[in-house]
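*Asks:* Below you will find the structure I want to go over with you.
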Amino acid sequence: MSINLEYYKVFYYVQKSGSLTAAAEALCISQPAVSQAIKQLETSLGAKLFVRTAKGVKLTREGEILSAYVSRGIENLEKGETMVRRFINLETGEVRIGASDMTLQFFLLPYLEKFHQKYPGVKVNVSNGPTPETIQALEAGNIDFAVVSTPFQMEKGLEAVEVKQIENIFIAGSQLRHLQKKLLSYKILLDYPCVFLEKNTSTRAFMDQFLEQQEVFPEPEFELATSDMVVQFVRRNLGIGCVMSGFAEEALKKEQVFPLKFEKEMPKRYFSIVTGDRKLISAPASCLLSMIQSDT
């Protein structure tokens, strides 16, 4: 298309108002500039678009045909501009986050609540899944950023920032109270049934890596999908469990389970925010990230 788009914009406002003067006022340009733009457009198209009347101007048949297309185009462009402004001003838009059950429950939820209260027009879409799946979603560009727990593997081009320290603990039920005050070796896990998370979780990966360093290789009796279920199984004396401490907090307070103490403490780990190319993150997502990072 060789015709200047501004000519079509002038044409749109002239046909909308039926007046060269009114169009000039709406566009904040002079009336001669409006007349010149219409003349240039008519010359380029080889057709007369307006005829003068006592009340202003009126579309010719050729002008009516053009108007049907130009009106939709200009109106859609203006709607697009408006939506971009609303998006930048956080009146609308979407944030796409990837998070595990653990990071969602023990870190992210308060920030999502605060963000929603401040920007109710922005939709927050949370993809909830294990850490490896969440990292894959980020690498594929399906989410703006991820909130996951260490350990995890990521490709080049991603950046991780630690935001909260957490710890894994081993817990047991009432039938193993005789172990409560003892300082244990991790080899004790070989003598009792164990209740662990599935292997596709960061908690299980961290535990396995640590136990391997201790040359302990327990075969769990149960492998479960969620930490909450691990706690429930341990409460019912189905084995020794390993979870992030937050999941066991209520059961510990009620003395339904108790923590085991070992000769060597398991190292702490972290919740981390993982991002890709910051330039590709939307304005709402950048705002939520800033909100989280300013508080950590």
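We name chains A, B, ... following the order of the structure tokens; residues begin at 1 in each chain, and ligands are numbered from 1 as shown.
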Run DSSP on the backbone and tell me which residues of segment 168-281 of chain A come out as strand (DSSP E or B); list them as JSON, numbers by chain.
*Replies:* {"A": [168, 169, 170, 171, 172, 183, 184, 194, 195, 196, 197, 222, 223, 224, 240, 241, 242, 243, 244, 258, 259, 261, 262, 269, 270, 271, 272, 273, 274, 275]}
*Asks:* For the contact check between segment 151-223 of chain A and segment 273-288 of chain A, emit one row per residue of segment 151-223 of chain A within 10 Å, containing the shortest atom pair and the distance in Å rounded to one decimal, counting only C-alpha atoms, chain then rising number order, as JSON lines.
*Replies:*
```
{"residue": "A:Met154", "atom": "CA", "partner": "A:Val274", "partner_atom": "CA", "distance": 9.1}
{"residue": "A:Glu155", "atom": "CA", "partner": "A:Gly276", "partner_atom": "CA", "distance": 9.8}
{"residue": "A:Lys156", "atom": "CA", "partner": "A:Gly276", "partner_atom": "CA", "distance": 9.2}
{"residue": "A:Gly157", "atom": "CA", "partner": "A:Gly276", "partner_atom": "CA", "distance": 6.2}
{"residue": "A:Leu158", "atom": "CA", "partner": "A:Gly276", "partner_atom": "CA", "distance": 4.5}
{"residue": "A:Glu159", "atom": "CA", "partner": "A:Thr275", "partner_atom": "CA", "distance": 5.3}
{"residue": "A:Ala160", "atom": "CA", "partner": "A:Val274", "partner_atom": "CA", "distance": 4.3}
{"residue": "A:Val161", "atom": "CA", "partner": "A:Ile273", "partner_atom": "CA", "distance": 5.3}
{"residue": "A:Glu162", "atom": "CA", "partner": "A:Ile273", "partner_atom": "CA", "distance": 6.5}
{"residue": "A:Val163", "atom": "CA", "partner": "A:Ile273", "partner_atom": "CA", "distance": 7.0}
{"residue": "A:Lys164", "atom": "CA", "partner": "A:Ile273", "partner_atom": "CA", "distance": 9.7}
```
*Asks:* Determine, counting only C-alpha atoms, which protein, DNA and RNA residues have an atom within 10 Å of an atom of Lys16 of chain A; residues of the same chain fewer than 5 positions away are not included. Present the result as a list in words.
*Replies:*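 Here the answer would be Val10, Phe11, Ala22, Ala23, Ser67 and Ser71 of chain A.
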*Asks:* Could those selected residues go to a file with N, CA and C atoms, as a compact mmCIF listing (two decimals), in the first residue's frame?
*Replies:*
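Generated output (part12.txt):
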```txt
# COMPACT_ATOMS: atom_id res chain seq x y z
N VAL A 10 -7.50 10.82 8.07
CA VAL A 10 -8.21 12.09 7.79
C VAL A 10 -9.54 11.79 7.12
N PHE A 11 -9.52 10.88 6.14
CA PHE A 11 -10.76 10.49 5.45
C PHE A 11 -11.79 9.98 6.45
N ALA A 22 -14.67 20.19 11.34
CA ALA A 22 -14.80 19.33 12.52
C ALA A 22 -13.69 18.27 12.54
N ALA A 23 -13.34 17.74 11.35
CA ALA A 23 -12.27 16.76 11.26
C ALA A 23 -10.94 17.39 11.66
N SER A 67 -15.40 3.83 2.73
CA SER A 67 -15.67 4.09 4.14
C SER A 67 -15.92 2.82 4.94
N SER A 71 -13.35 2.57 8.00
CA SER A 71 -13.90 2.75 9.35
C SER A 71 -13.51 1.59 10.27
```
*Asks:* A:Glu263, A:Leu289, A:Gly239, A:Gln256: which is nearest Arg96 of chain A, counting only C-alpha atoms?
*Replies:*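 So, comparing all the options, the nearest one is A:Leu289.
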*Asks:* If DSSP is run on the backbone, what residues of segment 69-133 of chain A are alpha helix (DSSP H)? A reply as a PyMOL selection string would be ideal.
*Replies:* chain A and resi 69-88+101-103+109-118+131-133
*Asks:* With a distance cut-off of 9 Å and only C-alpha atoms, select the neighbouring residues of Gly173 of chain A, excluding the residue or stretch itself and same-chain residues fewer than 3 positions from it, and output the selection as a ChimeraX atom specification.
*Replies:* /A:176-177,233-240,255-258
*Asks:* Return the single residue from A:Leu183, A:Leu104, A:Leu5, A:Leu77 that is closest to Val147 of chain A, with distances computed using only C-alpha atoms.
*Replies:* A:Leu104
*Asks:* Just give me the gap between atom CA of Val216 of chain A and atom CA of Phe196 of chain A in Å, one decimal is fine.
*Replies:*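 Distance between the two atoms: 14.5 Å.
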*Asks:* Identify, on the basis of only C-alpha atoms, every residue whose closest approach to Lys264 of chain A does not exceed 10 Å; exclude the query and any residue fewer than 2 positions from it along the same chain; express the result as a PyMOL selection string.
*Replies:* chain A and resi 183-186+214+261-262+266-267
*Asks:* Could you give me, as number ranges by chain, the residues within 12 Å of Ser272 of chain A, counting only C-alpha atoms and dropping anything in the same chain fewer than 4 positions from it?
*Replies:* A: 98-100, 102-104, 107-108, 131, 135, 145-152, 159-166, 202, 289, 292-293, 296
*Asks:* Nearest to Pro193 of chain A: which of A:Tyr111, A:Phe247, A:Tyr119, A:Phe222 is it, counting only C-alpha atoms?
*Replies:*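 Ranked by minimum distance to Pro193 of chain A, first place goes to A:Phe222.
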*Asks:* Please indicate the distance in Å from atom CA of Ala225 of chain A to atom CA of Glu94 of chain A, rounded to one decimal place.
*Replies:*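 Atom-to-atom, atom CA of Ala225 of chain A to atom CA of Glu94 of chain A, that is 29.1 Å.
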*Asks:* Could you tell me how far atom CA of Ser174 of chain A sits from atom CA of Gln213 of chain A, in Å to one decimal place?
*Replies:* 29.1 Å
*Asks:* Measuring between only C-alpha atoms, which one of A:Leu59, A:Arg85, A:Leu252, A:Pro218 shows the shortest distance to Tyr192 of chain A?
*Replies:*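 Nearest candidate to Tyr192 of chain A out of A:Leu59, A:Arg85, A:Leu252, A:Pro218: A:Pro218.
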*Asks:* Nearest to Met229 of chain A: which of A:Glu265, A:Glu215, A:Asp208, A:Glu198 is it, counting only C-alpha atoms?
*Replies:*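 Under the stated criterion, the closest residue is A:Glu198.
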*Asks:* Choose the residue, out of A:Ala37, A:Tyr12, A:Leu112, A:Lys268, that has the smallest atom-to-atom separation from Tyr69 of chain A; count only C-alpha atoms.
*Replies:*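 Nearest to Tyr69 of chain A: A:Tyr12.
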